[in-house]
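Right, one structure below, let's go through it.
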Amino acid sequence: MERLHYPILYYPISDQAVLGLLVGSEQQAIAANVDTLKLKFQNHLQREYKKTGTYPEIRINEAKLKVFTISFRPSLRDSSGVYPLPREVVIPIPAVFGASDSGFYHCYLPVFQEGFIYYSPEHFEALTDYVAISNLNRSTPEDIYKLMRYGNPGLTSIELRVNPRNNYYWKSNWNFRNQQTTLSRLGEAYPPLKATRRLNRLAPDVAWEREAIIEQVVEKVLSSRANVLIIGNPGSGKSAVLQAAIRKMTNKAKSAKLKLNFWRILPQRITNSAKYLGEWQATCEELIEEAASTNSILWVVSMVRLLMSGGTGPEDSVAAFFRPVLNQGKVQMIGEATPQELESMRRLMPGFVDAFHLIHLEEMAEFQVQNVLAKYALFAQNTLKINIEKAALDLSYRLLSRFYPYESFPGKAVKFLGKCMADARLNRSETIGVEDINEHFIQQTGLPELLLNDDLEWDEAELLRFFHDRIIGQPRAVEQLCSLVKIFKAGINNPQRPIATLIFAGPTGVGKTACAKTLAEYFFGKGQQKTPLIRIDMSEYQHAFQIDRLIGADREPGQLVKEVREKPFAVLLLDEIEKADPAIFDALLAVLDDGMLVDGFGRVTHFKNTIIIMTSNLGASSRRSMSFSDTTSAENRYLSAIMQHFRPEFVNRIDSVVVFDELSKEGIRNLAKRELHELGRREGFTKKKIQLQFSERLIDYLVTIGFDERYGARPMQRAIEQGVIGPLALWLLENPDTTNHTLVVDYEGGIVIQS
């Protein structure tokens, strides 16, 4: 039995009467008590089902109630003007909200019969406040005072139990053709209701500059009764074309008084609810029978997922089940795929692809993209009252063209500008300018404005200072990193490859990992909550079979793919690369060369906005005793070891080998000073305004115990944690009231702290 829950907002209006509102609809009722009210709405839903054959769509799971108190000054409006009343009033506005199956969140304001979608819980209060005030601005003082007369609201719900496989109990002659239970359970009717479309006003329901393709889809589906598969790159507008074509076909059917339905199906829903052997196959049979009996066409959102759902492989997948049905014309299906997904489907199951008529969606010309951007700006102005400046549109086009070459217009522009408009609405801004575009792009990518804005002057001294302050004792490495930044700033790096592919070679403990962290901070660290460094220990992949865990196998992506999809703008650090199995090197060739990785089902992961750094100790074992060496670089030794270990085709795809020198005594000393300086910035000292001073004797002591011939400077942090931080923590606990002090930390056979 399926259980459907409908939230009901109710107000006690007297001792013997309760007013109820069915959330998400215009239905209201008055009853003697809450139980009677619930019964009234339950009977109403059953009557509506008998008339229409469907229940109202439920969008909120586990609905919650929150009452907002809005301070507002009502105004009288007439043809002569607007006249605010002398004082503000406080209006209680109940909001019913919760998560939905789609992963988004929905909120309804029943007193206004309006709702909206939000994508993060942190936006809930601001958007509710915005929507409530917008409605109050359109309300008369009389309507506002009516809202103030309501009492304290309550929230309850009614539960309807239905059996999706059997007839419903209240009508004996009810037949399967009118129910559409499997279709409604697995998909969503399309086009959606107007009220639902209003909730998604950030995206226009059009496919500009694609009129000819839309007509082609309509002709193939209606006239030829063909299954249609649209092929195009991500962002090219495949979904928009299908949506526009479906709306056009629906209107044509209505004009001809024909019954034609479209259902948007997510392939994973077909198998997610299956618990027993043969259950998902039975679901597919019901889906096919319902679609045929109701003249419904299935719109499959991700066609390649049909090959990934069901059995253990494509041969016993959902796609294999549908293949003979499609060839026999028992059901009609439309969908979309990328060129890579199409190639994979042809390789895995050519007979399935042959059941479709393929329509290829070509890339838009630049003038077409500019037309789309202009129309989108007009949509924003007319519908949302937000003005997108022409300079902001031009900057968006330039930034997206350069930094997202693997996505297509207009999709990437609509997605980016949609986020800008969502924030503009949240902040109640009426204009999106160049500064807003730069700010959003920095937040999205982490790139500093210096690398985005060609008008900002280049300051080489400042760049050198940034790296020298953070990378101790490695002047040649700093020089090569600065060169990388210069190439990227000039815009002459290859956009079809990763930003750079580097090998950091040198002995342990000389700062290779710290250098990668510094580069990640500079390149991608602006406005980012998560670190822009992806670190993978390659010593965990010493066997060929472990490649699946790194890259992925069958349906599941591996560690590398997951990390890069989550953070496409990042430094990818492959630590101790020489310890990985040679099969791993072969798998990485496409990443180093083309900046992309394609799995067995044609899903692409892009590395074009990553800096790939591989660290290696090859050649370090043959070096002379390290001690505090200031001898000349052993660059040739490291390069020779790398060339001997890796195959030529792997090394030839590396942009540069950065050799790290052995740390000198002065480098170790500077490292100790830097770590002690960072210690003084910790919260325990800053909140009490305690300054730290460290004696030269302490630094000499740390240099002695914080350096190891095998591990370089790695023991330094451990020496500071154990030898300095421990005594300081004890001193703070023994002197809890100390503030605005300077502590001198010395070493005299042990740590000495003086206030």
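We label chains A, B, ... in the order they appear in the structure tokens, count residues from 1 in each chain, and number ligands from 1 in the order shown.
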
Could you build a table of the residues in stretch 550-641 of chain A lying no more than 12 Å from stretch 216-234 of chain A, giving for each the nearest pair of atoms and their separation in Å rounded to one decimal place, using only C-alpha atoms, ordered by chain and ascending residue number, as JSON lines?
```
{"residue": "A:Gly602", "atom": "CA", "partner": "A:Asn233", "partner_atom": "CA", "distance": 11.8}
{"residue": "A:Arg603", "atom": "CA", "partner": "A:Pro234", "partner_atom": "CA", "distance": 10.8}
{"residue": "A:Val604", "atom": "CA", "partner": "A:Pro234", "partner_atom": "CA", "distance": 10.0}
{"residue": "A:Thr605", "atom": "CA", "partner": "A:Pro234", "partner_atom": "CA", "distance": 11.8}
{"residue": "A:His606", "atom": "CA", "partner": "A:Pro234", "partner_atom": "CA", "distance": 11.9}
```

Practice item. Return as a count of residues only the full set of residues in stretch 155-309 of chain A whose backbone-based DSSP assignment is alpha helix (DSSP H). Key: 62

**Study point:** Neighbour list for A:Ala553 as a list in words, cut-off 12 Å, only C-alpha atoms, skip fewer than 2 positions in-chain
**Key:**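 Listing them by chain and then by number gives Met308, Gly313, Phe545, Gln546, Ile547, Asp548, Arg549, Leu550, Ile551, Arg555, Glu556, Pro557, Gly558, Gln559, Val561, Val598, Asp599, Gly600, Phe601 and Arg603 of chain A.
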
Exercise for review: Have a look at atom CA of A:Thr445 and atom CA of A:Glu362 and let me know their distance in Å, one decimal.
Suggested key: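 Atom CA of A:Glu362 lies 27.4 Å from atom CA of A:Thr445.
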
Proximity of stretch 460-511 of chain A to stretch 635-646 of chain A: per-residue shortest pair, 12 Å limit, only C-alpha atoms, as a tab-separated table:
```
residue	atom	partner	partner_atom	distance
A:Arg476	CA	A:Glu635	CA	11.1
A:Ala477	CA	A:Glu635	CA	11.9
A:Ile503	CA	A:Ile642	CA	9.3
A:Phe504	CA	A:Tyr638	CA	10.0
A:Ala505	CA	A:Tyr638	CA	6.7
A:Gly506	CA	A:Tyr638	CA	7.2
A:Pro507	CA	A:Tyr638	CA	9.6
```

Review point. At what distance in Å, to one decimal, does atom CA of A:Asn652 lie from atom CA of A:Leu592?
Key: 9.7 Å

**Study point:** Among the residues A:Tyr108, A:Phe356, A:Gly237, A:Val67, the one that comes closest to A:Gly154 [using only C-alpha atoms]
**Key:**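 Result for the nearest residue to A:Gly154: A:Val67.
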
Practice item. Pick out each residue of stretch 511-719 of chain A that DSSP on the backbone tags as strand (DSSP E or B); I need them as JSON, numbers by chain. Key: {"A": [533, 534, 535, 536, 537, 552, 553, 556, 557, 570, 571, 572, 573, 574, 575, 596, 597, 598, 604, 605, 606, 610, 611, 612, 613, 614, 615, 616, 656, 657, 658, 659, 691, 692, 693, 694, 708, 712]}
